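Quick look at run_2.csv (CSV, N, CA and C atoms):
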```
chain,number,residue,atom,x,y,z
A,95,MET,N,-22.5,19.8,-16.4
A,95,MET,CA,-21.7,20.5,-15.5
A,95,MET,C,-20.6,21.2,-16.3
A,96,THR,N,-20.5,22.5,-16.1
A,96,THR,CA,-19.4,23.2,-16.8
A,96,THR,C,-18.1,23.1,-16.1
A,97,VAL,N,-17.1,23.6,-16.7
A,97,VAL,CA,-15.7,23.5,-16.1
A,97,VAL,C,-15.7,24.4,-14.9
A,98,GLU,N,-16.3,25.5,-14.9
A,98,GLU,CA,-16.3,26.5,-13.8
A,98,GLU,C,-17.0,25.8,-12.5
A,99,THR,N,-18.1,25.2,-12.8
A,99,THR,CA,-18.8,24.5,-11.6
A,99,THR,C,-18.0,23.3,-11.1
A,100,GLN,N,-17.3,22.6,-12.0
A,100,GLN,CA,-16.5,21.5,-11.5
A,100,GLN,C,-15.3,22.0,-10.6
A,101,THR,N,-14.7,23.1,-11.1
A,101,THR,CA,-13.6,23.6,-10.3
A,101,THR,C,-14.1,24.1,-8.9
A,102,ALA,N,-15.3,24.7,-9.0
A,102,ALA,CA,-15.8,25.3,-7.7
A,102,ALA,C,-16.2,24.1,-6.8
A,103,ALA,N,-16.7,23.0,-7.3
A,103,ALA,CA,-17.0,21.8,-6.5
A,103,ALA,C,-15.8,21.2,-5.9
A,104,VAL,N,-14.7,21.2,-6.6
A,104,VAL,CA,-13.5,20.6,-6.1
A,104,VAL,C,-12.9,21.5,-5.0
A,105,ALA,N,-13.0,22.8,-5.2
A,105,ALA,CA,-12.5,23.8,-4.2
A,105,ALA,C,-13.3,23.8,-3.0
A,106,ALA,N,-14.6,23.5,-3.1
A,106,ALA,CA,-15.5,23.5,-2.0
A,106,ALA,C,-15.2,22.3,-1.0
A,107,ARG,N,-14.9,21.1,-1.6
A,107,ARG,CA,-14.7,20.0,-0.8
A,107,ARG,C,-13.3,19.9,-0.3
A,108,GLY,N,-12.4,20.7,-0.8
A,108,GLY,CA,-11.0,20.7,-0.4
A,108,GLY,C,-10.1,19.8,-1.2
A,109,GLU,N,-8.9,19.9,-0.9
A,109,GLU,CA,-7.9,19.1,-1.7
A,109,GLU,C,-7.9,17.7,-1.1
A,110,ARG,N,-7.6,16.7,-2.0
A,110,ARG,CA,-7.5,15.3,-1.6
A,110,ARG,C,-6.1,15.1,-1.0
A,111,THR,N,-6.1,14.2,-0.1
A,111,THR,CA,-4.8,13.8,0.6
A,111,THR,C,-3.9,13.1,-0.4
A,112,GLU,N,-2.7,13.5,-0.5
A,112,GLU,CA,-1.7,12.8,-1.4
A,112,GLU,C,-0.6,12.3,-0.6
A,113,LEU,N,-0.1,11.1,-0.9
A,113,LEU,CA,1.1,10.5,-0.3
A,113,LEU,C,2.1,10.1,-1.3
A,114,ILE,N,3.3,10.1,-1.0
A,114,ILE,CA,4.4,9.6,-1.8
A,114,ILE,C,5.0,8.4,-1.2
A,115,GLY,N,5.2,7.3,-2.0
A,115,GLY,CA,5.7,6.1,-1.4
A,115,GLY,C,6.3,5.2,-2.5
A,116,LYS,N,6.8,4.0,-2.1
A,116,LYS,CA,7.4,3.1,-3.0
A,116,LYS,C,6.6,1.9,-3.2
A,117,VAL,N,6.4,1.4,-4.4
A,117,VAL,CA,5.6,0.3,-4.8
A,117,VAL,C,6.3,-1.0,-4.3
A,118,THR,N,5.7,-1.8,-3.4
A,118,THR,CA,6.3,-3.0,-2.9
A,118,THR,C,5.7,-4.2,-3.6
A,119,SER,N,4.5,-4.1,-4.2
A,119,SER,CA,3.9,-5.2,-4.9
A,119,SER,C,3.0,-4.7,-6.0
A,120,ALA,N,3.1,-5.3,-7.2
A,120,ALA,CA,2.3,-5.0,-8.3
A,120,ALA,C,1.8,-6.3,-8.9
A,121,LYS,N,1.5,-7.3,-8.2
A,121,LYS,CA,1.2,-8.6,-8.7
A,121,LYS,C,-0.4,-8.8,-8.8
A,122,MET,N,-1.1,-8.0,-8.2
A,122,MET,CA,-2.6,-8.1,-8.3
A,122,MET,C,-3.1,-7.4,-9.5
A,123,GLU,N,-4.4,-7.7,-9.9
A,123,GLU,CA,-5.0,-7.1,-11.0
A,123,GLU,C,-5.4,-5.7,-10.7
A,124,LYS,N,-4.8,-4.7,-11.3
A,124,LYS,CA,-5.2,-3.3,-11.2
A,124,LYS,C,-5.0,-2.8,-9.7
A,125,THR,N,-4.2,-3.4,-8.9
A,125,THR,CA,-3.9,-3.0,-7.5
A,125,THR,C,-2.4,-3.0,-7.3
A,126,ILE,N,-2.0,-2.0,-6.6
A,126,ILE,CA,-0.6,-2.0,-6.2
A,126,ILE,C,-0.5,-1.7,-4.7
A,127,VAL,N,0.5,-2.2,-4.1
A,127,VAL,CA,0.8,-2.0,-2.6
A,127,VAL,C,1.9,-0.9,-2.5
A,128,VAL,N,1.6,0.2,-1.9
A,128,VAL,CA,2.6,1.3,-1.7
A,128,VAL,C,2.9,1.4,-0.3
A,129,GLU,N,4.3,1.4,0.0
A,129,GLU,CA,4.8,1.6,1.3
A,129,GLU,C,5.2,3.1,1.5
A,130,VAL,N,4.6,3.7,2.5
A,130,VAL,CA,4.9,5.1,2.8
A,130,VAL,C,5.6,5.2,4.1
A,131,GLN,N,6.8,5.9,4.1
A,131,GLN,CA,7.6,6.0,5.3
A,131,GLN,C,7.5,7.5,5.8
A,132,ARG,N,7.5,7.6,7.1
A,132,ARG,CA,7.5,9.0,7.7
A,132,ARG,C,8.3,8.9,9.0
A,133,LEU,N,8.7,10.1,9.4
A,133,LEU,CA,9.6,10.2,10.6
A,133,LEU,C,8.7,10.8,11.7
A,134,VAL,N,8.8,10.1,12.9
A,134,VAL,CA,8.0,10.4,14.1
A,134,VAL,C,8.9,10.4,15.3
A,135,GLN,N,8.7,11.4,16.1
A,135,GLN,CA,9.5,11.4,17.4
A,135,GLN,C,8.8,10.5,18.4
A,136,HIS,N,9.7,9.6,19.0
A,136,HIS,CA,9.2,8.7,20.0
A,136,HIS,C,8.7,9.4,21.2
A,137,PRO,N,7.5,9.1,21.7
A,137,PRO,CA,7.0,9.9,22.8
A,137,PRO,C,7.8,9.8,24.1
A,138,LYS,N,8.4,8.7,24.4
A,138,LYS,CA,9.2,8.6,25.7
A,138,LYS,C,10.6,9.0,25.5
A,139,TYR,N,11.3,8.5,24.4
A,139,TYR,CA,12.7,8.6,24.3
A,139,TYR,C,13.1,9.8,23.4
A,140,ARG,N,12.2,10.5,22.8
A,140,ARG,CA,12.4,11.7,22.0
A,140,ARG,C,13.4,11.4,20.8
A,141,ARG,N,13.5,10.2,20.4
A,141,ARG,CA,14.3,9.8,19.3
A,141,ARG,C,13.5,9.8,18.1
A,142,VAL,N,14.0,10.2,16.9
A,142,VAL,CA,13.3,10.2,15.7
A,142,VAL,C,13.3,8.7,15.1
A,143,VAL,N,12.0,8.2,14.9
A,143,VAL,CA,11.9,6.8,14.5
A,143,VAL,C,11.2,6.8,13.1
A,144,ARG,N,11.6,5.9,12.3
A,144,ARG,CA,11.1,5.8,10.9
A,144,ARG,C,9.9,4.8,11.0
A,145,ILE,N,8.7,5.3,10.6
A,145,ILE,CA,7.5,4.5,10.6
A,145,ILE,C,7.1,4.2,9.2
A,146,SER,N,6.7,3.0,8.9
A,146,SER,CA,6.2,2.7,7.5
A,146,SER,C,4.8,2.1,7.6
A,147,LYS,N,4.0,2.4,6.6
A,147,LYS,CA,2.7,1.9,6.5
A,147,LYS,C,2.4,1.5,5.0
A,148,LYS,N,1.6,0.4,4.8
A,148,LYS,CA,1.3,0.0,3.5
A,148,LYS,C,-0.2,0.5,3.1
A,149,PHE,N,-0.3,0.9,1.9
A,149,PHE,CA,-1.6,1.3,1.4
A,149,PHE,C,-1.9,0.6,0.1
A,150,TYR,N,-3.1,0.1,-0.1
A,150,TYR,CA,-3.5,-0.5,-1.4
A,150,TYR,C,-4.1,0.6,-2.3
A,151,ALA,N,-3.6,0.7,-3.5
A,151,ALA,CA,-4.0,1.7,-4.4
A,151,ALA,C,-4.4,1.1,-5.8
A,152,HIS,N,-5.4,1.8,-6.4
A,152,HIS,CA,-5.9,1.3,-7.7
A,152,HIS,C,-5.0,1.9,-8.8
A,153,ASP,N,-4.6,1.0,-9.7
A,153,ASP,CA,-3.8,1.3,-10.9
A,153,ASP,C,-4.5,0.7,-12.1
A,154,GLU,N,-5.3,1.6,-12.7
A,154,GLU,CA,-6.2,1.1,-13.8
A,154,GLU,C,-5.4,0.6,-15.0
A,155,THR,N,-4.3,1.2,-15.4
A,155,THR,CA,-3.6,0.8,-16.6
A,155,THR,C,-2.5,-0.1,-16.3
A,156,ARG,N,-2.2,-0.5,-15.0
A,156,ARG,CA,-1.2,-1.4,-14.6
A,156,ARG,C,0.2,-0.9,-15.0
A,157,GLN,N,0.5,0.4,-14.9
A,157,GLN,CA,1.7,0.9,-15.4
A,157,GLN,C,2.8,1.0,-14.3
A,158,ALA,N,2.4,0.9,-13.0
A,158,ALA,CA,3.4,0.9,-11.9
A,158,ALA,C,4.0,-0.4,-11.7
A,159,LYS,N,5.3,-0.5,-11.5
A,159,LYS,CA,6.0,-1.7,-11.3
A,159,LYS,C,6.7,-1.7,-9.9
A,160,THR,N,7.1,-2.8,-9.4
A,160,THR,CA,7.8,-2.9,-8.1
A,160,THR,C,9.0,-2.1,-8.1
A,161,GLY,N,9.2,-1.3,-7.0
A,161,GLY,CA,10.4,-0.4,-6.9
A,161,GLY,C,10.1,1.0,-7.4
A,162,ASP,N,9.0,1.3,-8.1
A,162,ASP,CA,8.8,2.7,-8.5
A,162,ASP,C,8.4,3.5,-7.4
A,163,THR,N,8.7,4.8,-7.4
A,163,THR,CA,8.2,5.8,-6.5
A,163,THR,C,7.0,6.5,-7.1
A,164,VAL,N,5.9,6.5,-6.4
A,164,VAL,CA,4.6,6.9,-6.9
A,164,VAL,C,4.0,7.9,-6.0
A,165,ARG,N,3.0,8.7,-6.5
A,165,ARG,CA,2.2,9.6,-5.8
A,165,ARG,C,0.7,9.0,-5.8
A,166,ILE,N,0.1,8.8,-4.6
A,166,ILE,CA,-1.2,8.3,-4.6
A,166,ILE,C,-2.1,9.3,-4.0
A,167,VAL,N,-3.4,9.3,-4.3
A,167,VAL,CA,-4.4,10.2,-3.9
A,167,VAL,C,-5.6,9.5,-3.3
A,168,ALA,N,-6.1,10.1,-2.2
A,168,ALA,CA,-7.3,9.4,-1.5
A,168,ALA,C,-8.5,9.4,-2.5
A,169,SER,N,-9.3,8.4,-2.4
A,169,SER,CA,-10.5,8.3,-3.2
A,169,SER,C,-11.6,7.6,-2.4
A,170,ARG,N,-12.7,7.4,-3.0
A,170,ARG,CA,-13.8,6.6,-2.3
A,170,ARG,C,-13.4,5.2,-2.2
A,171,PRO,N,-14.0,4.4,-1.3
A,171,PRO,CA,-13.6,3.0,-1.1
A,171,PRO,C,-13.9,2.3,-2.4
A,172,LEU,N,-12.9,1.6,-2.9
A,172,LEU,CA,-13.0,0.8,-4.2
A,172,LEU,C,-13.2,-0.7,-3.9
A,173,SER,N,-12.7,-1.1,-2.7
A,173,SER,CA,-12.9,-2.5,-2.3
A,173,SER,C,-12.7,-2.5,-0.8
A,174,LYS,N,-12.5,-3.7,-0.2
A,174,LYS,CA,-12.4,-3.8,1.2
A,174,LYS,C,-11.2,-3.1,1.8
A,175,LEU,N,-10.0,-3.1,1.0
A,175,LEU,CA,-8.8,-2.5,1.5
A,175,LEU,C,-8.4,-1.2,0.6
A,176,LYS,N,-8.9,-1.1,-0.6
A,176,LYS,CA,-8.4,0.0,-1.5
A,176,LYS,C,-9.2,1.3,-1.2
A,177,ARG,N,-8.5,2.3,-0.8
A,177,ARG,CA,-9.0,3.6,-0.6
A,177,ARG,C,-8.2,4.7,-1.3
A,178,TRP,N,-7.3,4.3,-2.2
A,178,TRP,CA,-6.3,5.2,-2.8
A,178,TRP,C,-6.3,4.9,-4.3
A,179,ARG,N,-5.9,5.9,-5.1
A,179,ARG,CA,-5.7,5.8,-6.5
A,179,ARG,C,-4.3,6.2,-6.9
A,180,LEU,N,-3.7,5.6,-7.9
A,180,LEU,CA,-2.4,6.1,-8.4
A,180,LEU,C,-2.6,7.4,-9.2
A,181,LYS,N,-1.9,8.4,-8.8
A,181,LYS,CA,-2.0,9.7,-9.5
A,181,LYS,C,-0.9,9.8,-10.6
A,182,GLU,N,0.4,9.5,-10.2
A,182,GLU,CA,1.5,9.6,-11.1
A,182,GLU,C,2.7,8.8,-10.6
A,183,ILE,N,3.5,8.4,-11.6
A,183,ILE,CA,4.8,7.7,-11.2
A,183,ILE,C,5.9,8.8,-11.2
A,184,LEU,N,6.5,8.9,-10.1
A,184,LEU,CA,7.6,10.0,-10.0
A,184,LEU,C,8.9,9.5,-10.5
A,185,THR,N,9.3,8.3,-10.1
A,185,THR,CA,10.6,7.8,-10.6
A,185,THR,C,10.4,6.3,-10.9
A,186,ARG,N,11.1,5.8,-11.9
A,186,ARG,CA,11.0,4.4,-12.3
A,186,ARG,C,12.1,3.6,-11.6
A,187,ASN,N,11.9,2.3,-11.3
A,187,ASN,CA,12.9,1.5,-10.8
A,187,ASN,C,13.8,1.1,-12.0
A,188,THR,N,15.1,1.3,-11.8
A,188,THR,CA,16.1,1.1,-12.9
A,188,THR,C,16.8,-0.2,-12.8
A,189,SER,N,16.7,-0.9,-11.7
A,189,SER,CA,17.4,-2.2,-11.5
A,189,SER,C,16.8,-3.3,-12.4
A,190,VAL,N,17.6,-4.1,-12.9
A,190,VAL,CA,17.1,-5.2,-13.8
A,190,VAL,C,16.9,-6.5,-12.9
A,191,GLU,N,15.8,-7.1,-13.0
A,191,GLU,CA,15.5,-8.3,-12.2
A,191,GLU,C,15.5,-9.5,-13.2
A,192,LEU,N,16.2,-10.5,-12.8
A,192,LEU,CA,16.2,-11.7,-13.6
A,192,LEU,C,15.1,-12.6,-13.1
A,193,THR,N,14.3,-13.1,-14.1
A,193,THR,CA,13.2,-14.1,-13.7
A,193,THR,C,13.3,-15.3,-14.6
A,194,GLY,N,12.7,-16.4,-14.2
A,194,GLY,CA,12.7,-17.6,-15.0
A,194,GLY,C,13.9,-18.4,-14.9
A,195,ARG,N,14.3,-19.1,-16.0
A,195,ARG,CA,15.4,-20.0,-16.0
A,195,ARG,C,16.8,-19.3,-15.9
A,196,GLY,N,16.9,-18.1,-16.5
A,196,GLY,CA,18.1,-17.3,-16.5
A,196,GLY,C,18.6,-16.9,-15.1
A,197,ALA,N,17.7,-16.8,-14.2
A,197,ALA,CA,18.0,-16.3,-12.8
A,197,ALA,C,18.9,-17.3,-12.0
A,198,ALA,N,18.7,-18.6,-12.3
A,198,ALA,CA,19.4,-19.6,-11.5
A,198,ALA,C,20.8,-19.8,-12.0
A,199,GLN,N,21.1,-19.4,-13.2
A,199,GLN,CA,22.5,-19.7,-13.8
A,199,GLN,C,23.4,-18.6,-13.5
```

Please render this file's structure as structure tokens.
Amino acid sequence: MTVETQTAAVAARGERTELIGKVTSAKMEKTIVVEVQRLVQHPKYRRVVRISKKFYAHDETRQAKTGDTVRIVASRPLSKLKRWRLKEILTRNTSVELTGRGAAQ
């Protein structure tokens, strides 16, 4: 398959859905949990409400850490819950977390 036919195939099926969210967990093997927040108007009270949803995404190189802001892209089903892949890390978490014995002191 040449480069021209690959780009034509991608254009034919359309762009994949992309979401931006914050990593809430990176404790699993090659899987991260990303929380995506969006603003929705309440149907009855017409007040803007913040809605959050968690997505499981595949992180092959395990480069995303908790607190990072990432961009994920839709993919084929990879497991029971994983339907997203990590595309890029937008910002890194800069706070220092103490773990182990030093945290209690």

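Considering only N, CA and C atoms, the residue among A:Lys181, A:Val167, A:Thr160, A:Leu175 positioned nearest to A:Lys121 is A:Thr160.
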
task: State, in Å with one decimal place, the distance from atom CA of A:Val142 to atom C of A:Ile114.
output: 18.9 Å

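For the choices A:Thr163, A:Ser146, A:Thr118, A:Ser173, the atom-to-atom distance to A:Arg186 is smallest for A:Thr163 when using all atoms listed in the file.
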
query: Smallest atom-to-atom distance to A:Ala168: which of A:Arg110, A:Lys116, A:Lys147, A:Arg156, using all atoms listed in the file?
result: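 Checking each candidate against A:Ala168, we get A:Arg110 as the closest.
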
Residue nearest A:Val128 among A:Arg170, A:Lys148, A:Arg165, A:Arg140 (counting all atoms listed in the file):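 Nearest to A:Val128: A:Lys148.
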
field: Ref. answer, residues at most 8 Å from (-5.3, -1.9, -7.5) with all atoms listed in the file, as a PyMOL selection string
entry: chain A and resi 122-127+150-154+176+178-180

query: atom CA of A:Val117 and atom CA of A:Arg141 are how many Å apart?
result: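 It comes out at 27.3 Å.
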
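Between atom C of A:Lys174 and atom C of A:Val134 the separation is 27.7 Å.
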
message: For the strand (DSSP E) assignment from backbone DSSP, which residues of stretch 157-188 of chain A qualify? Please present them as a PyMOL selection string.
response: chain A and resi 163-168+178-185

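Between A:Leu113 and the candidates A:Glu129, A:Gln157, A:Ile166, A:Phe149, the tightest atom-to-atom separation, counting all atoms listed in the file, involves A:Ile166.
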
Output requested as a tab-separated table (two decimals), keeping the file's coordinate frame - stretch 116-128 of chain A, filled out with N, CA, C and O atoms.
```tsv
chain	number	residue	atom	x	y	z
A	116	LYS	N	6.80	4.00	-2.10
A	116	LYS	CA	7.40	3.10	-3.00
A	116	LYS	C	6.60	1.90	-3.20
A	116	LYS	O	5.99	1.35	-2.23
A	117	VAL	N	6.40	1.40	-4.40
A	117	VAL	CA	5.60	0.30	-4.80
A	117	VAL	C	6.30	-1.00	-4.30
A	117	VAL	O	7.48	-1.26	-4.68
A	118	THR	N	5.70	-1.80	-3.40
A	118	THR	CA	6.30	-3.00	-2.90
A	118	THR	C	5.70	-4.20	-3.60
A	118	THR	O	6.39	-5.28	-3.65
A	119	SER	N	4.50	-4.10	-4.20
A	119	SER	CA	3.90	-5.20	-4.90
A	119	SER	C	3.00	-4.70	-6.00
A	119	SER	O	2.26	-3.80	-5.79
A	120	ALA	N	3.10	-5.30	-7.20
A	120	ALA	CA	2.30	-5.00	-8.30
A	120	ALA	C	1.80	-6.30	-8.90
A	120	ALA	O	1.58	-6.38	-10.15
A	121	LYS	N	1.50	-7.30	-8.20
A	121	LYS	CA	1.20	-8.60	-8.70
A	121	LYS	C	-0.40	-8.80	-8.80
A	121	LYS	O	-0.78	-9.77	-9.45
A	122	MET	N	-1.10	-8.00	-8.20
A	122	MET	CA	-2.60	-8.10	-8.30
A	122	MET	C	-3.10	-7.40	-9.50
A	122	MET	O	-2.46	-6.57	-10.14
A	123	GLU	N	-4.40	-7.70	-9.90
A	123	GLU	CA	-5.00	-7.10	-11.00
A	123	GLU	C	-5.40	-5.70	-10.70
A	123	GLU	O	-6.29	-5.49	-9.79
A	124	LYS	N	-4.80	-4.70	-11.30
A	124	LYS	CA	-5.20	-3.30	-11.20
A	124	LYS	C	-5.00	-2.80	-9.70
A	124	LYS	O	-5.63	-1.80	-9.32
A	125	THR	N	-4.20	-3.40	-8.90
A	125	THR	CA	-3.90	-3.00	-7.50
A	125	THR	C	-2.40	-3.00	-7.30
A	125	THR	O	-1.76	-3.99	-7.65
A	126	ILE	N	-2.00	-2.00	-6.60
A	126	ILE	CA	-0.60	-2.00	-6.20
A	126	ILE	C	-0.50	-1.70	-4.70
A	126	ILE	O	-1.47	-1.19	-4.10
A	127	VAL	N	0.50	-2.20	-4.10
A	127	VAL	CA	0.80	-2.00	-2.60
A	127	VAL	C	1.90	-0.90	-2.50
A	127	VAL	O	2.97	-1.13	-3.07
A	128	VAL	N	1.60	0.20	-1.90
A	128	VAL	CA	2.60	1.30	-1.70
A	128	VAL	C	2.90	1.40	-0.30
A	128	VAL	O	2.08	1.51	0.61
```
